[in-house]
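Below: the structure, in structure tokens.
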Amino acid sequence: MSLRRSTSQIAFLIVATTVLVTAQHAAAGSQYVVLSTQPVVDELPPGKLLMPSDVINIPAGTVVTLLGEDGSVNALSGPSSFVVTEDALTSGSLQGTTNEGSSKLDLIAVLLANERKRTESIGGSRTTTDYSTSSGLDDPWAVSIEESAPGCIRDGEIVLARAGIGQSAVFSIRIGDGEPFNGIVWSAGKLTYSLPDRIPPEVKSVVVETKKTSASIEIKTFPKNAVLENPLEVLAWMVSSGCKRQAMALVHQLATKQQ
């Protein structure tokens with residue numbers, strides 16, 4: 001799949017060659033999902049799926065970040081108009097443009113749409129999510145200790161995260177059925193805390209307790225046969241594993257890299 005400009009934009013080609021080339025090379029799947037629109041445009045909300053023949057109209061000053069079902073991440077800037085077209089895959093493109101790729105996009109689209117509705121229902125920002133305050137939760141591979149929920153990790157490495165930088169804190173952690181490790185100090189100003197040892201594959205949960213919080217974390221380990229470099233694969237796995245906060249952090253990271 002590729003993105004080509006609509007007929008009404010032919011005259012714009014002379015002054016937008018760079019953008020056009022970017023759009024042509026962006027193309028390698030048969031579907032896209034909108035990850036982020038900055039600033040938000042009602043016609044292109046996060047979570048919107050784009051199919052062949054769909055027209056993408058981008059206002060001036062707006063950047064739209066798309067994720068293709070091949071795993072490509074593409075940023076399109078306005079003012080411009082593109083048409084989604086279906087082309088053959090190039091040899092260098094990531095694999096995954098199958099029904100499986102489409103279903104993974106659907107998972108991500110539902111997550112983004114639900115997050116948008118949740119944010120709007122509480123009167124919050126209409127951006128993908130609010131990252132105005134520095135936080136360890138910005139790291140997609142950091143597991144929150146703020147609530148009991150699944151935590152997605154890779155290679156047995158657990159990185160803990162708390163909201164905000166905060167003051168120093170003392171916490172305990174119990175790994176699986178083992179005895180808890182007490183009196184661990186989380187230094188002030190540290191966004192995250194990395195456990196020194198890898199978690200054995202057989203461990204399915206850890207419990208982290210501070211004076212104010214207690215979180216039971218269900219461990220989800222990234223499959224060894226999966227492709228870590230493919231954002232589509234990682235995002236879909238995070239969503240299906242229940243690591244929604246981490247998935248949203250990855251969405252924000254991908255969109256930020258494109259801007």
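Chain labels run A, B, ... following the order of the structure tokens; each chain numbers its residues from 1, and ligands are numbered from 1 in the order shown.
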Pick out the residues sitting within 7 Å of Ser77 (chain A), and hand them over as number ranges by chain; count only C-alpha atoms, and ignore anything fewer than 5 positions along from it in its own chain. A: 58, 62-64
Selection to disk with N, CA and C atoms, as a short mmCIF file (atom, residue, chain, number, x, y, z; two decimals), in the first residue's frame:
```
data_model
loop_
_atom_site.label_atom_id
_atom_site.label_comp_id
_atom_site.auth_asym_id
_atom_site.auth_seq_id
_atom_site.Cartn_x
_atom_site.Cartn_y
_atom_site.Cartn_z
N ILE A 58 -4.93 16.73 5.56
CA ILE A 58 -4.19 17.19 6.73
C ILE A 58 -4.06 18.71 6.69
N THR A 62 -0.44 20.63 11.09
CA THR A 62 -0.84 19.37 11.73
C THR A 62 0.08 18.24 11.29
N VAL A 63 0.43 17.36 12.24
CA VAL A 63 1.22 16.17 11.94
C VAL A 63 0.41 14.94 12.35
N VAL A 64 0.23 14.03 11.41
CA VAL A 64 -0.51 12.80 11.66
C VAL A 64 0.47 11.63 11.62
#
```
Write out as a VMD selection string all residues of region 39-226 of chain A that DSSP puts in strand (DSSP E or B) for this structure's backbone. chain A and resid 49 to 50 55 to 58 63 to 68 73 to 77 80 to 85 142 to 144 149 to 154 157 159 to 161 169 to 175 181 to 186 192 to 194 205 to 209 214 to 221
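Relative to CA of Glu146 (chain A), CA of Thr213 (chain A) is found at 6.5 Å.
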Would you please give, as a PyMOL selection string, all residues of region 26-227 of chain A that DSSP assigns to helix (DSSP H, G or I) based on the backbone? chain A and resi 99-121+136-138
Might you pull out every residue within 10 Å of Glu147 (chain A), with only C-alpha atoms counted and same-chain residues fewer than 6 positions away left off, and present them as a short mmCIF file (atom, residue, chain, number, x, y, z; two decimals) with all heavy atoms, in the first residue's frame?
```cif
data_model
loop_
_atom_site.label_atom_id
_atom_site.label_comp_id
_atom_site.auth_asym_id
_atom_site.auth_seq_id
_atom_site.Cartn_x
_atom_site.Cartn_y
_atom_site.Cartn_z
N ARG A 162 6.91 4.61 39.00
CA ARG A 162 5.91 5.25 39.85
C ARG A 162 5.53 6.58 39.22
O ARG A 162 6.28 7.14 38.42
CB ARG A 162 6.48 5.48 41.25
CG ARG A 162 7.80 6.25 41.27
CD ARG A 162 8.30 6.45 42.68
NE ARG A 162 9.62 7.08 42.71
CZ ARG A 162 10.20 7.52 43.81
NH1 ARG A 162 9.59 7.41 44.98
NH2 ARG A 162 11.39 8.08 43.76
N VAL A 208 4.67 -5.79 44.85
CA VAL A 208 5.47 -4.65 45.29
C VAL A 208 4.66 -3.84 46.29
O VAL A 208 3.51 -3.47 46.00
CB VAL A 208 5.89 -3.75 44.11
CG1 VAL A 208 6.74 -2.58 44.60
CG2 VAL A 208 6.65 -4.56 43.07
N THR A 213 1.15 2.05 48.82
CA THR A 213 0.58 1.25 47.74
C THR A 213 0.96 -0.22 47.89
O THR A 213 1.94 -0.58 48.54
CB THR A 213 1.09 1.74 46.37
OG1 THR A 213 2.52 1.57 46.31
CG2 THR A 213 0.75 3.19 46.13
N SER A 214 0.15 -1.05 47.26
CA SER A 214 0.43 -2.48 47.16
C SER A 214 -0.06 -2.94 45.80
O SER A 214 -1.22 -2.75 45.46
CB SER A 214 -0.29 -3.26 48.27
OG SER A 214 -0.04 -4.66 48.13
N ALA A 215 0.84 -3.50 45.01
CA ALA A 215 0.49 -3.90 43.65
C ALA A 215 0.92 -5.33 43.38
O ALA A 215 2.07 -5.70 43.61
CB ALA A 215 1.14 -2.96 42.64
N SER A 216 -0.03 -6.13 42.90
CA SER A 216 0.27 -7.48 42.45
C SER A 216 0.37 -7.43 40.92
O SER A 216 -0.60 -7.10 40.24
CB SER A 216 -0.84 -8.45 42.88
OG SER A 216 -0.58 -9.76 42.40
N ILE A 217 1.54 -7.74 40.41
CA ILE A 217 1.82 -7.59 38.98
C ILE A 217 1.89 -8.97 38.33
O ILE A 217 2.71 -9.82 38.70
CB ILE A 217 3.14 -6.84 38.76
CG1 ILE A 217 3.06 -5.45 39.41
CG2 ILE A 217 3.46 -6.72 37.27
CD1 ILE A 217 4.41 -4.76 39.53
#
```
Could you jot down the CA of Gly156 (chain A) to CA of Ile219 (chain A) separation for me, Å, one decimal place? 9.4 Å
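Minimum atom-to-atom distance to Glu233 (chain A), evaluated using only C-alpha atoms, belongs to A:Gly68 out of A:Pro52, A:Gly78, A:Gly176, A:Gly68.
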I want to know what sits within 6 Å of region 42-50 of chain A, based on only C-alpha atoms, with residues of the same chain fewer than 2 positions away left out; could you give that as a count of residues only? 9
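In terms of minimum interatomic distance to Ile145 (chain A), A:Val206 ranks closest within A:Val55, A:Ala247, A:Val206, A:Val40, counting only C-alpha atoms.
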